[in-house]
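Have a look at start-v2.cif; it's mmCIF, C-alpha atoms and all ligand atoms:
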data_data
loop_
_atom_site.label_atom_id
_atom_site.label_comp_id
_atom_site.auth_asym_id
_atom_site.auth_seq_id
_atom_site.Cartn_x
_atom_site.Cartn_y
_atom_site.Cartn_z
CA MET U 995 -15.52 15.80 12.34
CA THR U 996 -14.70 18.30 9.60
CA SER U 997 -13.82 21.05 12.09
CA ALA U 998 -10.24 22.27 11.68
CA LEU U 999 -7.55 21.45 14.26
CA ALA U 1000 -6.34 25.07 14.13
CA PRO U 1001 -6.99 27.91 11.66
CA GLY U 1002 -6.01 26.63 8.21
CA VAL U 1003 -5.26 23.09 9.45
CA PRO U 1004 -7.85 20.61 8.12
CA ALA U 1005 -9.18 17.89 10.43
CA LEU U 1006 -7.87 14.36 10.00
CA PHE U 1007 -9.61 12.41 7.23
CA SER U 1008 -11.62 15.45 6.07
CA PRO U 1009 -11.97 16.19 2.32
CA ALA U 1010 -9.26 18.90 2.49
CA TYR U 1011 -6.95 16.51 4.39
CA TYR U 1012 -7.11 13.92 1.62
CA GLN U 1013 -6.00 16.45 -1.00
CA ASN U 1014 -3.06 17.62 1.13
CA PRO U 1015 -2.58 15.78 4.45
CA HIS U 1016 0.86 17.23 5.20
CA PRO U 1017 -0.16 20.46 7.03
CA THR U 1018 -2.43 18.40 9.31
CA LEU U 1019 0.24 15.77 9.96
CA ALA U 1020 2.90 18.43 10.65
CA TRP U 1021 0.58 20.19 13.13
CA LEU U 1022 -0.19 16.91 14.90
CA ARG U 1023 3.49 15.93 15.14
CA ASP U 1024 4.24 19.28 16.81
CA HIS U 1025 1.15 19.82 18.98
CA SER U 1026 -0.59 16.49 19.59
CA PRO U 1027 1.64 13.56 18.60
CA VAL U 1028 -0.70 10.95 20.12
CA HIS U 1029 -3.95 12.56 19.10
CA GLU U 1030 -7.40 11.52 20.28
CA PHE U 1031 -10.22 12.12 17.78
CA PRO U 1032 -13.56 10.58 16.74
CA PHE U 1033 -12.95 8.25 13.77
CA PRO U 1034 -15.19 9.40 10.88
CA VAL U 1035 -16.93 6.01 10.69
CA GLY U 1036 -19.06 5.52 13.80
CA ASP U 1037 -17.40 8.42 15.69
CA VAL U 1038 -15.34 5.78 17.53
CA ARG U 1039 -12.80 7.20 20.02
CA THR U 1040 -9.43 6.70 18.24
CA TRP U 1041 -5.78 7.80 18.64
CA MET U 1042 -3.56 8.88 15.73
CA VAL U 1043 0.21 8.58 16.18
CA THR U 1044 2.38 10.76 13.94
CA ARG U 1045 6.02 10.88 15.15
CA TYR U 1046 8.53 8.46 13.58
CA ASP U 1047 9.74 6.99 16.90
CA ASP U 1048 6.18 6.56 18.23
CA VAL U 1049 4.96 4.95 15.00
CA ARG U 1050 7.79 2.41 15.13
CA ALA U 1051 7.13 1.83 18.83
CA VAL U 1052 3.44 1.05 18.19
CA LEU U 1053 4.21 -1.33 15.32
CA ALA U 1054 6.87 -3.21 17.31
CA ASP U 1055 5.01 -3.55 20.63
CA SER U 1056 2.81 -6.61 21.25
CA ARG U 1057 0.55 -4.52 23.54
CA PHE U 1058 -0.76 -2.98 20.29
CA SER U 1059 -2.64 -5.96 18.84
CA ALA U 1060 -3.57 -6.41 15.17
CA GLU U 1061 -6.52 -8.57 16.30
CA THR U 1062 -8.96 -5.70 16.54
CA GLY U 1063 -11.97 -8.02 16.74
CA ALA U 1064 -10.60 -9.56 19.95
CA TRP U 1065 -9.58 -6.37 21.79
CA ALA U 1066 -11.66 -3.40 20.60
CA GLY U 1067 -14.90 -2.26 22.21
CA ASP U 1068 -18.43 -2.86 20.94
CA ASP U 1069 -18.60 0.58 19.28
CA PHE U 1070 -15.63 -0.35 17.03
CA ARG U 1071 -17.22 -3.67 16.04
CA GLU U 1072 -20.67 -2.14 15.54
CA ALA U 1073 -19.20 0.57 13.29
CA GLY U 1074 -17.98 -2.22 10.98
CA LEU U 1075 -14.32 -1.40 11.62
CA VAL U 1076 -13.16 -4.99 12.17
CA SER U 1077 -11.36 -5.64 8.90
CA ALA U 1078 -13.08 -8.08 6.48
CA ALA U 1079 -15.47 -9.25 9.22
CA GLY U 1080 -17.47 -12.27 8.11
CA THR U 1081 -14.99 -13.39 5.41
CA ILE U 1082 -12.02 -15.76 5.56
CA LEU U 1083 -9.84 -12.63 5.68
CA GLU U 1084 -11.11 -11.93 9.20
CA ARG U 1085 -8.35 -14.35 10.28
CA GLY U 1086 -5.98 -13.23 7.50
CA ILE U 1087 -2.24 -12.73 8.00
CA ALA U 1088 -2.52 -8.93 8.39
CA VAL U 1089 -4.97 -9.04 11.31
CA ILE U 1090 -3.75 -11.83 13.59
CA ASP U 1091 -1.18 -11.89 16.39
CA PRO U 1092 1.42 -14.52 17.33
CA PRO U 1093 1.45 -17.49 17.61
CA ASP U 1094 -1.01 -17.82 14.67
CA HIS U 1095 0.69 -15.00 12.77
CA THR U 1096 4.16 -16.48 13.28
CA ARG U 1097 3.11 -19.82 11.79
CA LEU U 1098 1.24 -18.32 8.81
CA ARG U 1099 4.00 -15.81 8.10
CA ARG U 1100 6.73 -18.47 8.23
CA LEU U 1101 4.84 -20.67 5.78
CA ALA U 1102 4.16 -17.70 3.47
CA MET U 1103 7.83 -16.64 3.60
CA SER U 1104 8.98 -20.13 2.67
CA ALA U 1105 7.19 -19.66 -0.68
CA PHE U 1106 7.85 -15.93 -1.14
CA THR U 1107 11.66 -16.12 -0.96
CA THR U 1108 14.12 -13.46 -2.18
CA ARG U 1109 15.35 -15.98 -4.76
CA ARG U 1110 11.85 -16.49 -6.12
CA VAL U 1111 11.23 -12.72 -6.28
CA GLU U 1112 14.48 -12.31 -8.25
CA GLN U 1113 13.19 -14.87 -10.77
CA TRP U 1114 10.30 -12.51 -11.60
CA ARG U 1115 12.59 -9.69 -12.75
CA ASP U 1116 12.23 -10.61 -16.44
CA THR U 1117 8.45 -10.94 -16.01
CA VAL U 1118 8.27 -7.42 -14.54
CA ARG U 1119 10.43 -6.07 -17.40
CA SER U 1120 8.29 -7.66 -20.09
CA VAL U 1121 5.01 -6.47 -18.49
CA VAL U 1122 6.46 -2.93 -18.25
CA ASP U 1123 7.67 -3.00 -21.90
CA ARG U 1124 4.29 -4.18 -23.16
CA VAL U 1125 2.36 -1.59 -21.15
CA LEU U 1126 4.74 1.21 -22.24
CA GLU U 1127 4.06 0.36 -25.89
CA ASP U 1128 0.30 0.47 -25.24
CA CYS U 1129 0.70 3.90 -23.62
CA ALA U 1130 2.83 5.16 -26.52
CA ARG U 1131 0.07 4.16 -28.94
CA ARG U 1132 -2.51 6.08 -26.89
CA GLY U 1133 -0.72 9.44 -26.98
CA THR U 1134 -2.30 11.08 -23.92
CA PHE U 1135 -2.77 8.42 -21.25
CA ASP U 1136 -3.68 8.05 -17.59
CA VAL U 1137 -0.70 6.96 -15.48
CA MET U 1138 -3.05 5.43 -12.88
CA ASP U 1139 -5.22 3.25 -15.12
CA ASP U 1140 -3.17 2.82 -18.28
CA TYR U 1141 0.27 2.43 -16.72
CA ALA U 1142 0.44 1.80 -12.96
CA GLY U 1143 -2.81 -0.22 -12.85
CA GLU U 1144 -1.82 -2.34 -15.84
CA VAL U 1145 1.70 -2.96 -14.53
CA SER U 1146 0.59 -3.93 -10.99
CA ALA U 1147 -2.25 -6.19 -12.18
CA GLY U 1148 -0.11 -7.70 -14.97
CA VAL U 1149 2.75 -8.55 -12.61
CA LEU U 1150 0.44 -9.91 -9.93
CA SER U 1151 -1.39 -12.14 -12.43
CA ALA U 1152 1.93 -13.56 -13.59
CA VAL U 1153 3.32 -13.98 -10.08
CA LEU U 1154 0.23 -15.74 -8.70
CA GLY U 1155 -0.43 -17.65 -11.93
CA PHE U 1156 -3.81 -16.19 -12.88
CA ARG U 1157 -4.97 -17.25 -16.31
CA ILE U 1158 -5.00 -14.23 -18.58
CA GLU U 1159 -8.78 -14.24 -19.09
CA ARG U 1160 -9.22 -13.73 -15.33
CA HIS U 1161 -6.88 -10.77 -15.41
CA ARG U 1162 -9.54 -8.31 -16.69
CA GLU U 1163 -12.11 -9.48 -14.12
CA LEU U 1164 -9.49 -9.08 -11.42
CA VAL U 1165 -8.73 -5.51 -12.50
CA THR U 1166 -12.46 -4.69 -12.32
CA ALA U 1167 -12.91 -6.34 -8.90
CA LEU U 1168 -9.86 -4.52 -7.54
CA ASN U 1169 -11.11 -1.17 -8.83
CA GLU U 1170 -14.41 -1.81 -7.08
CA ALA U 1171 -12.74 -3.03 -3.87
CA PHE U 1172 -10.72 0.22 -3.65
CA PRO U 1173 -13.05 2.83 -5.16
CA SER U 1174 -11.99 6.36 -5.91
CA ASP U 1175 -15.55 7.57 -5.53
CA PRO U 1176 -17.10 7.34 -2.02
CA ALA U 1177 -20.52 6.93 -3.71
CA LEU U 1178 -19.35 3.47 -4.85
CA MET U 1179 -18.58 2.24 -1.31
CA ASP U 1180 -21.60 -0.09 -1.36
CA ARG U 1181 -19.89 -2.27 -3.98
CA VAL U 1182 -16.86 -2.88 -1.74
CA PRO U 1183 -18.11 -5.97 0.22
CA ALA U 1184 -19.17 -7.78 -2.98
CA ALA U 1185 -15.83 -6.97 -4.62
CA PHE U 1186 -13.96 -8.36 -1.58
CA GLY U 1187 -16.15 -11.46 -1.83
CA ARG U 1188 -15.26 -11.87 -5.51
CA ILE U 1189 -11.53 -11.53 -4.80
CA CYS U 1190 -11.83 -14.28 -2.14
CA GLU U 1191 -13.76 -16.37 -4.70
CA TYR U 1192 -11.03 -15.86 -7.33
CA ALA U 1193 -8.42 -16.77 -4.78
CA GLY U 1194 -10.34 -19.99 -3.94
CA GLU U 1195 -10.74 -20.91 -7.62
CA LEU U 1196 -7.09 -20.17 -8.28
CA VAL U 1197 -6.01 -22.46 -5.44
CA GLU U 1198 -8.25 -25.27 -6.80
CA ASP U 1199 -6.87 -24.75 -10.31
CA LYS U 1200 -3.26 -24.88 -9.08
CA ARG U 1201 -3.92 -27.99 -7.01
CA ARG U 1202 -4.90 -29.71 -10.26
CA HIS U 1203 -2.30 -28.02 -12.48
CA PRO U 1204 0.71 -26.96 -10.39
CA ALA U 1205 3.06 -24.53 -12.14
CA ASP U 1206 6.04 -22.33 -11.36
CA ASP U 1207 4.11 -19.62 -9.54
CA LEU U 1208 3.54 -18.33 -6.01
CA THR U 1209 0.13 -20.00 -5.57
CA SER U 1210 1.58 -23.44 -6.40
CA ALA U 1211 4.51 -22.75 -4.06
CA LEU U 1212 2.08 -21.83 -1.23
CA ILE U 1213 0.20 -25.11 -1.79
CA GLN U 1214 3.51 -26.92 -1.37
CA ALA U 1215 4.63 -24.80 1.61
CA ARG U 1216 5.41 -26.96 4.57
CA ASP U 1217 6.82 -26.19 7.98
CA GLU U 1218 7.97 -29.32 9.84
CA ASP U 1219 4.78 -31.37 9.56
CA ASN U 1220 2.57 -28.35 9.22
CA ARG U 1221 0.78 -27.16 6.07
CA LEU U 1222 -1.58 -24.30 5.34
CA ASP U 1223 -5.19 -25.45 5.57
CA GLY U 1224 -7.72 -24.62 2.83
CA ASP U 1225 -9.00 -21.32 4.25
CA GLU U 1226 -5.51 -20.18 5.22
CA LEU U 1227 -4.28 -20.81 1.67
CA THR U 1228 -7.19 -18.98 0.06
CA GLY U 1229 -6.87 -16.18 2.62
CA LEU U 1230 -3.16 -15.76 1.86
CA VAL U 1231 -3.69 -15.66 -1.89
CA ALA U 1232 -6.49 -13.11 -1.38
CA ALA U 1233 -4.20 -11.08 0.94
CA PHE U 1234 -1.49 -11.08 -1.75
CA ILE U 1235 -4.00 -9.97 -4.38
CA MET U 1236 -5.21 -7.12 -2.18
CA GLY U 1237 -1.89 -6.20 -0.59
CA GLY U 1238 -0.03 -6.27 -3.89
CA SER U 1239 -2.25 -4.41 -6.33
CA ASP U 1240 -3.60 -1.02 -5.29
CA THR U 1241 -0.51 -0.33 -3.17
CA VAL U 1242 1.87 -0.82 -6.10
CA ARG U 1243 -0.48 1.07 -8.40
CA GLY U 1244 -0.76 3.94 -5.92
CA PHE U 1245 2.97 4.06 -5.32
CA ILE U 1246 3.91 4.19 -9.03
CA GLY U 1247 1.32 6.96 -9.53
CA ASN U 1248 2.57 9.00 -6.55
CA ALA U 1249 6.16 8.53 -7.70
CA VAL U 1250 5.44 9.72 -11.26
CA HIS U 1251 3.50 12.68 -9.86
CA ALA U 1252 6.47 13.59 -7.63
CA LEU U 1253 8.86 13.31 -10.58
CA LEU U 1254 6.67 15.60 -12.70
CA ASP U 1255 6.98 18.12 -9.85
CA HIS U 1256 10.76 17.60 -9.68
CA PRO U 1257 12.09 17.55 -13.26
CA GLY U 1258 15.68 17.81 -12.03
CA GLU U 1259 15.41 14.56 -10.02
CA SER U 1260 13.62 12.93 -12.96
CA ALA U 1261 16.51 13.87 -15.27
CA ARG U 1262 19.01 12.42 -12.77
CA LEU U 1263 17.07 9.15 -12.67
CA ARG U 1264 17.24 8.97 -16.48
CA ALA U 1265 20.94 9.78 -16.57
CA GLU U 1266 22.02 7.53 -13.68
CA PRO U 1267 20.28 4.13 -13.79
CA GLY U 1268 22.28 3.13 -10.70
CA LEU U 1269 20.17 5.57 -8.67
CA ALA U 1270 16.96 3.57 -9.17
CA LYS U 1271 17.25 1.51 -5.98
CA SER U 1272 17.80 4.37 -3.55
CA ALA U 1273 15.45 6.67 -5.51
CA VAL U 1274 12.60 4.19 -4.94
CA GLU U 1275 13.28 4.33 -1.19
CA GLU U 1276 13.26 8.14 -1.23
CA LEU U 1277 10.03 8.13 -3.27
CA LEU U 1278 8.46 5.71 -0.77
CA ARG U 1279 9.48 8.03 2.04
CA TYR U 1280 8.32 11.19 0.27
CA GLU U 1281 4.85 9.97 -0.74
CA GLY U 1282 4.31 6.26 -0.10
CA ALA U 1283 1.15 4.41 -0.96
CA LEU U 1284 -0.40 4.27 2.52
CA HIS U 1285 -1.45 7.06 4.87
CA THR U 1286 -1.44 4.61 7.76
CA ALA U 1287 -0.98 1.01 8.87
CA LEU U 1288 -4.10 -1.03 9.68
CA PHE U 1289 -5.73 -0.45 13.07
CA ARG U 1290 -4.01 -1.69 16.21
CA VAL U 1291 -5.85 -1.99 19.54
CA THR U 1292 -4.23 -1.81 23.00
CA THR U 1293 -4.47 -5.02 25.02
CA GLU U 1294 -3.80 -3.15 28.31
CA PRO U 1295 -3.36 0.51 29.40
CA VAL U 1296 -0.23 1.93 27.70
CA GLU U 1297 1.54 5.28 28.01
CA LEU U 1298 2.90 6.70 24.74
CA SER U 1299 4.70 10.07 24.52
CA GLY U 1300 3.04 11.11 27.78
CA VAL U 1301 -0.49 10.15 26.68
CA LYS U 1302 -2.28 7.45 28.69
CA LEU U 1303 -4.14 5.07 26.40
CA PRO U 1304 -6.81 2.88 28.01
CA ALA U 1305 -7.07 -0.86 27.24
CA GLY U 1306 -9.07 -1.46 24.04
CA ALA U 1307 -7.96 1.85 22.45
CA PRO U 1308 -7.96 1.84 18.62
CA VAL U 1309 -4.62 3.27 17.46
CA ILE U 1310 -3.60 4.36 13.95
CA ALA U 1311 0.13 4.46 13.12
CA GLY U 1312 0.64 7.34 10.67
CA LEU U 1313 3.18 6.08 8.14
CA LEU U 1314 3.01 9.17 5.92
CA ALA U 1315 3.42 11.40 8.97
CA ALA U 1316 6.40 9.42 10.29
CA ASN U 1317 8.13 9.55 6.91
CA ARG U 1318 8.02 13.38 6.96
CA ASP U 1319 9.08 13.75 10.60
CA PRO U 1320 11.87 16.37 10.80
CA ARG U 1321 12.97 14.74 14.09
CA ARG U 1322 14.15 11.84 11.90
CA PHE U 1323 14.75 13.19 8.35
CA ALA U 1324 16.57 16.40 7.34
CA GLU U 1325 14.32 18.58 5.11
CA PRO U 1326 11.61 15.91 4.97
CA ASP U 1327 9.36 17.88 2.60
CA SER U 1328 12.02 17.88 -0.15
CA LEU U 1329 12.50 15.03 -2.62
CA ARG U 1330 16.23 14.45 -3.07
CA PHE U 1331 18.04 11.54 -4.68
CA THR U 1332 21.28 11.46 -2.74
CA GLY U 1333 22.15 7.84 -3.45
CA GLU U 1334 21.40 7.02 0.23
CA SER U 1335 18.34 4.93 1.10
CA PRO U 1336 16.30 6.55 3.88
CA ARG U 1337 15.05 4.21 6.62
CA HIS U 1338 11.36 4.95 6.05
CA VAL U 1339 8.28 3.13 7.38
CA GLY U 1340 6.45 3.00 4.03
CA PHE U 1341 6.43 -0.81 4.29
CA GLY U 1342 5.50 -0.71 7.97
CA HIS U 1343 7.69 -2.04 10.78
CA GLY U 1344 7.74 -5.00 13.17
CA LEU U 1345 6.05 -8.38 12.75
CA HIS U 1346 3.53 -7.26 10.12
CA ASN U 1347 5.99 -5.38 7.90
CA CYS U 1348 5.21 -5.82 4.22
CA ILE U 1349 5.84 -9.37 3.07
CA GLY U 1350 5.76 -8.22 -0.57
CA ALA U 1351 8.32 -5.41 -0.12
CA ALA U 1352 11.00 -7.06 -2.29
CA LEU U 1353 8.55 -7.50 -5.16
CA ALA U 1354 7.14 -3.98 -4.75
CA ARG U 1355 10.67 -2.51 -4.73
CA MET U 1356 11.57 -4.41 -7.88
CA GLU U 1357 8.40 -3.21 -9.63
CA GLY U 1358 9.20 0.38 -8.63
CA GLU U 1359 12.87 0.13 -9.66
CA ILE U 1360 11.87 -1.07 -13.13
CA ALA U 1361 8.55 0.69 -13.83
CA ILE U 1362 9.33 4.23 -12.59
CA PRO U 1363 12.64 4.88 -14.43
CA ALA U 1364 11.27 3.06 -17.52
CA LEU U 1365 8.36 5.50 -17.85
CA VAL U 1366 10.41 8.70 -17.52
CA THR U 1367 13.08 7.27 -19.84
CA ARG U 1368 10.60 6.17 -22.52
CA PHE U 1369 8.84 9.58 -22.34
CA PRO U 1370 11.50 12.13 -21.30
CA GLY U 1371 9.18 15.05 -22.09
CA LEU U 1372 6.25 13.70 -20.07
CA THR U 1373 3.93 16.52 -18.93
CA LEU U 1374 0.64 16.74 -17.06
CA ALA U 1375 -2.32 16.83 -19.45
CA VAL U 1376 -4.52 18.72 -16.94
CA PRO U 1377 -3.87 21.74 -14.68
CA ARG U 1378 -1.99 20.59 -11.58
CA ASP U 1379 -4.81 21.59 -9.20
CA GLN U 1380 -7.11 19.13 -10.97
CA VAL U 1381 -4.99 16.18 -9.86
CA ARG U 1382 -7.02 14.62 -7.03
CA TYR U 1383 -6.44 11.92 -4.41
CA ILE U 1384 -8.99 9.29 -3.42
CA GLU U 1385 -10.72 9.79 -0.08
CA ASN U 1386 -9.55 6.65 1.70
CA TRP U 1387 -8.10 6.82 5.22
CA ALA U 1388 -5.50 4.09 4.63
CA ILE U 1389 -4.58 4.21 0.93
CA ARG U 1390 -2.93 7.32 -0.52
CA ARG U 1391 -3.31 7.34 -4.27
CA LEU U 1392 -4.43 9.57 -7.11
CA THR U 1393 -7.80 9.12 -8.82
CA SER U 1394 -6.10 9.67 -12.18
CA LEU U 1395 -2.93 11.25 -13.57
CA PRO U 1396 -3.45 12.20 -17.23
CA VAL U 1397 -0.16 12.87 -19.03
CA THR U 1398 1.12 13.60 -22.51
CA PRO U 1399 4.49 12.57 -23.89
CA ARG U 1400 5.53 16.09 -24.93
CA ALA U 1401 7.33 14.87 -28.08
CA GLU U 1402 3.89 14.08 -29.54
CA HIS U 1403 3.26 17.82 -29.63
CA GLY U 1404 6.36 18.46 -31.70
CA GLU U 1405 8.63 19.38 -28.77
CA PRO U 1406 11.81 17.47 -27.97
C1 LIG D 1 4.57 -0.12 -2.84
C2 LIG D 1 3.83 -1.18 -2.57
C3 LIG D 1 3.47 -1.64 -1.19
C4 LIG D 1 3.35 -0.91 -0.02
C5 LIG D 1 3.57 0.59 0.18
C6 LIG D 1 2.99 -1.85 1.02
C7 LIG D 1 2.83 -1.49 2.36
C8 LIG D 1 2.55 -2.40 3.37
C9 LIG D 1 2.49 -2.06 4.79
C10 LIG D 1 2.73 -0.67 5.37
C11 LIG D 1 2.20 -3.18 5.47
C12 LIG D 1 2.04 -3.31 7.00
C13 LIG D 1 0.63 -2.94 7.42
C14 LIG D 1 0.42 -2.97 8.92
O1 LIG D 1 1.37 -3.09 9.69
O2 LIG D 1 -0.75 -2.84 9.33
C15 LIG D 1 2.05 -4.25 4.50
C16 LIG D 1 1.75 -5.56 4.82
C17 LIG D 1 1.49 -6.54 3.86
N1 LIG D 1 1.73 -6.44 2.49
FE1 LIG D 1 2.40 -4.81 1.50
N2 LIG D 1 2.85 -3.10 0.48
C18 LIG D 1 3.15 -3.03 -0.86
C19 LIG D 1 3.19 -4.08 -1.75
C20 LIG D 1 2.86 -5.38 -1.47
C21 LIG D 1 2.94 -6.50 -2.38
C22 LIG D 1 3.49 -6.43 -3.80
C23 LIG D 1 2.41 -7.60 -1.72
C24 LIG D 1 2.25 -9.03 -2.20
C25 LIG D 1 2.29 -9.46 -3.41
C26 LIG D 1 2.04 -7.17 -0.40
C27 LIG D 1 1.45 -7.97 0.57
C28 LIG D 1 1.35 -7.63 1.90
C29 LIG D 1 0.85 -8.55 2.93
C30 LIG D 1 0.31 -9.96 2.70
C31 LIG D 1 0.94 -7.86 4.15
C32 LIG D 1 0.59 -8.39 5.55
C33 LIG D 1 1.85 -8.94 6.19
C34 LIG D 1 1.66 -9.39 7.64
O3 LIG D 1 0.68 -8.95 8.28
O4 LIG D 1 2.49 -10.16 8.13
N3 LIG D 1 2.33 -5.82 -0.27
N4 LIG D 1 2.28 -3.75 3.24
#
Output the structure of this file as structure tokens.
Amino acid sequence: MTSALAPGVPALFSPAYYQNPHPTLAWLRDHSPVHEFPFPVGDVRTWMVTRYDDVRAVLADSRFSAETGAWAGDDFREAGLVSAAGTILERGIAVIDPPDHTRLRRLAMSAFTTRRVEQWRDTVRSVVDRVLEDCARRGTFDVMDDYAGEVSAGVLSAVLGFRIERHRELVTALNEAFPSDPALMDRVPAAFGRICEYAGELVEDKRRHPADDLTSALIQARDEDNRLDGDELTGLVAAFIMGGSDTVRGFIGNAVHALLDHPGESARLRAEPGLAKSAVEELLRYEGALHTALFRVTTEPVELSGVKLPAGAPVIAGLLAANRDPRRFAEPDSLRFTGESPRHVGFGHGLHNCIGAALARMEGEIAIPALVTRFPGLTLAVPRDQVRYIENWAIRRLTSLPVTPRAEHGEP
């Protein structure tokens, strides 16, 4: 599996790929856009799709099912690749097809409205302000743990209505559910279990003490005479906890890393607050928080870019690859704030596109400019080649990003 695709081009999901996936993704887009390879877990025959148009086609086509448990072969199931198998999340919103998905999504959307998201703007601002002050007190700090992690967990706790004493436990469980260190993989199932448990307890708590938060709104959500049942509710809250934490954390970290590499763009963001909205879109395109969407599996034979996929084929839509496709974006490897918002696939595409995108965008628009404005002389506190990414096939985020506000060292 670690053999190179071509001289100097690391194999997909190899250690070298995780540290810099772009040469591999560029090679695949040019030479093998619908690429068959053995998935590193279980050596399952899998296809990776890397061109922008193909990625959107996969995510919008019902012949590529999100219900992997129903359509994939025994080898896929036996390798443990059916997401959250054995938990209530096995039938969670992210891994079901219509009509079940349509019903669950409609109910979830009725609680997660644009108006409600807008009401959280002050909450996001106050979490960001508090965390910035904590970072200022620390001097050197880690953007991943001390800033992005605190902001994403703080906002999510407020949005879902977690009591503050659960907040710390949640941060720990989330860190264990998405480990940076592959040696800690054995803790993942228990951490997922704990997140489902928290979600269940939170739902019970909000049934007794409804408040102005998303969990209470989901309990109230009603569609004609239809309500979410107990497991669906708990599953949705757990999906929000998982979908809305490490992704936001990873994205803020990747964005700050990109801005440290591009001081000119960082200065423009400080000088022109009106750029924040489109800059967040460009940052999501340039280095979003996910390598890929979740697995899809073909329900029947399908031909894609000249490649014949059999029925039951596991397919991975490469979001990172699509967002750097020169067939779609001019100079895709450059980060440029032009004031235009690129039409990226960082939030996915089609029926399963990110339900939390409006909240994630708002967090990015507030948290990213706030950090570079509060610390205009921010510099890396370690040599750049020591900045490492986690080895996770779906999530693209840094293990840590130690920084120093340069002013602390007597410079302006
Ligand atoms: C920068 C941050 C985020 C990124 C990059 C992101 C990305 C994505 C992507 C790519 C998908 C589609 C996956 C697929 O098609 O397999 C998705 C779905 C989802 N996201 Fe996000 N997300 C982010 C933040 C959030 C937040 C803040 C929440 C909730 C609080 C959230 C909740 C969800 C849920 C529940 C789904 C499943 C939707 C469905 O299947 O209908 N995400 N996200």
Counting all atoms listed in the file, what is within 12 Å of U:Val1038, bar same-chain residues fewer than 3 positions away, as a VMD selection string?
-> chain U and resid 995 1030 to 1035 1041 1066 to 1075 1306 to 1309
Residue nearest U:Ala1152 - candidates U:Cys1129, U:Met1103, U:Leu1083, U:Val1118, atoms counted: all atoms listed in the file | U:Val1118
Please tabulate, as JSON lines, the residues of chain U that come within 6 Å of ligand LIG 1 (chain D), each with its closest pair of atoms and the distance in Å to one decimal, counting all atoms listed in the file and ordering rows by chain, then residue number upward.
{"residue": "U:Ile1087", "atom": "CA", "partner": "D:LIG1", "partner_atom": "O3", "distance": 4.8}
{"residue": "U:Ala1088", "atom": "CA", "partner": "D:LIG1", "partner_atom": "O3", "distance": 3.2}
{"residue": "U:Arg1099", "atom": "CA", "partner": "D:LIG1", "partner_atom": "O4", "distance": 5.8}
{"residue": "U:Ala1233", "atom": "CA", "partner": "D:LIG1", "partner_atom": "C30", "distance": 5.0}
{"residue": "U:Phe1234", "atom": "CA", "partner": "D:LIG1", "partner_atom": "C24", "distance": 4.3}
{"residue": "U:Gly1237", "atom": "CA", "partner": "D:LIG1", "partner_atom": "C27", "distance": 4.0}
{"residue": "U:Gly1238", "atom": "CA", "partner": "D:LIG1", "partner_atom": "C21", "distance": 3.3}
{"residue": "U:Thr1241", "atom": "CA", "partner": "D:LIG1", "partner_atom": "C2", "distance": 4.5}
{"residue": "U:Val1242", "atom": "CA", "partner": "D:LIG1", "partner_atom": "C2", "distance": 4.1}
{"residue": "U:Phe1245", "atom": "CA", "partner": "D:LIG1", "partner_atom": "C1", "distance": 5.1}
{"residue": "U:Gly1282", "atom": "CA", "partner": "D:LIG1", "partner_atom": "C5", "distance": 5.7}
{"residue": "U:Ala1283", "atom": "CA", "partner": "D:LIG1", "partner_atom": "C5", "distance": 4.7}
{"residue": "U:Leu1284", "atom": "CA", "partner": "D:LIG1", "partner_atom": "C5", "distance": 5.9}
{"residue": "U:Ala1287", "atom": "CA", "partner": "D:LIG1", "partner_atom": "O2", "distance": 3.9}
{"residue": "U:Leu1288", "atom": "CA", "partner": "D:LIG1", "partner_atom": "O2", "distance": 3.8}
{"residue": "U:Gly1340", "atom": "CA", "partner": "D:LIG1", "partner_atom": "C5", "distance": 5.4}
{"residue": "U:Phe1341", "atom": "CA", "partner": "D:LIG1", "partner_atom": "C10", "distance": 3.9}
{"residue": "U:Gly1342", "atom": "CA", "partner": "D:LIG1", "partner_atom": "C10", "distance": 3.8}
{"residue": "U:His1346", "atom": "CA", "partner": "D:LIG1", "partner_atom": "O4", "distance": 3.7}
{"residue": "U:Asn1347", "atom": "CA", "partner": "D:LIG1", "partner_atom": "C12", "distance": 4.5}
{"residue": "U:Cys1348", "atom": "CA", "partner": "D:LIG1", "partner_atom": "C16", "distance": 3.5}
{"residue": "U:Ile1349", "atom": "CA", "partner": "D:LIG1", "partner_atom": "C28", "distance": 5.0}
{"residue": "U:Gly1350", "atom": "CA", "partner": "D:LIG1", "partner_atom": "C23", "distance": 3.6}
{"residue": "U:Ala1351", "atom": "CA", "partner": "D:LIG1", "partner_atom": "C19", "distance": 5.5}
{"residue": "U:Leu1353", "atom": "CA", "partner": "D:LIG1", "partner_atom": "C22", "distance": 5.3}
{"residue": "U:Ala1354", "atom": "CA", "partner": "D:LIG1", "partner_atom": "C22", "distance": 4.5}
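Atom CA of U:Leu1345 lies 20.6 Å from atom CA of U:Asn1220.
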Within 10 Å of U:Ile1310, counting all atoms listed in the file, which residues show up once you throw out same-chain ones fewer than 4 positions away? Write them as a list in words, please.
-> Val1028, His1029, Thr1040, Trp1041, Met1042, Val1043, Thr1044, Val1049, Val1052, Leu1053, His1285, Thr1286, Ala1287, Leu1288, Phe1289, Arg1290, Val1291 and Ala1388 of chain U
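Of note, atom CA of U:Thr1293 and atom CA of U:Gly1312 are spaced 19.6 Å apart.
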Work out how far atom CA of U:Met1236 is from atom CA of U:Thr1107, in Å to one decimal.
-> 19.2 Å
If you count only C-alpha atoms, which residues fall within 6 Å of U:Val1397, apart from same-chain ones fewer than 4 positions away, as a ChimeraX atom specification?
-> /U:1134-1135,1373-1375
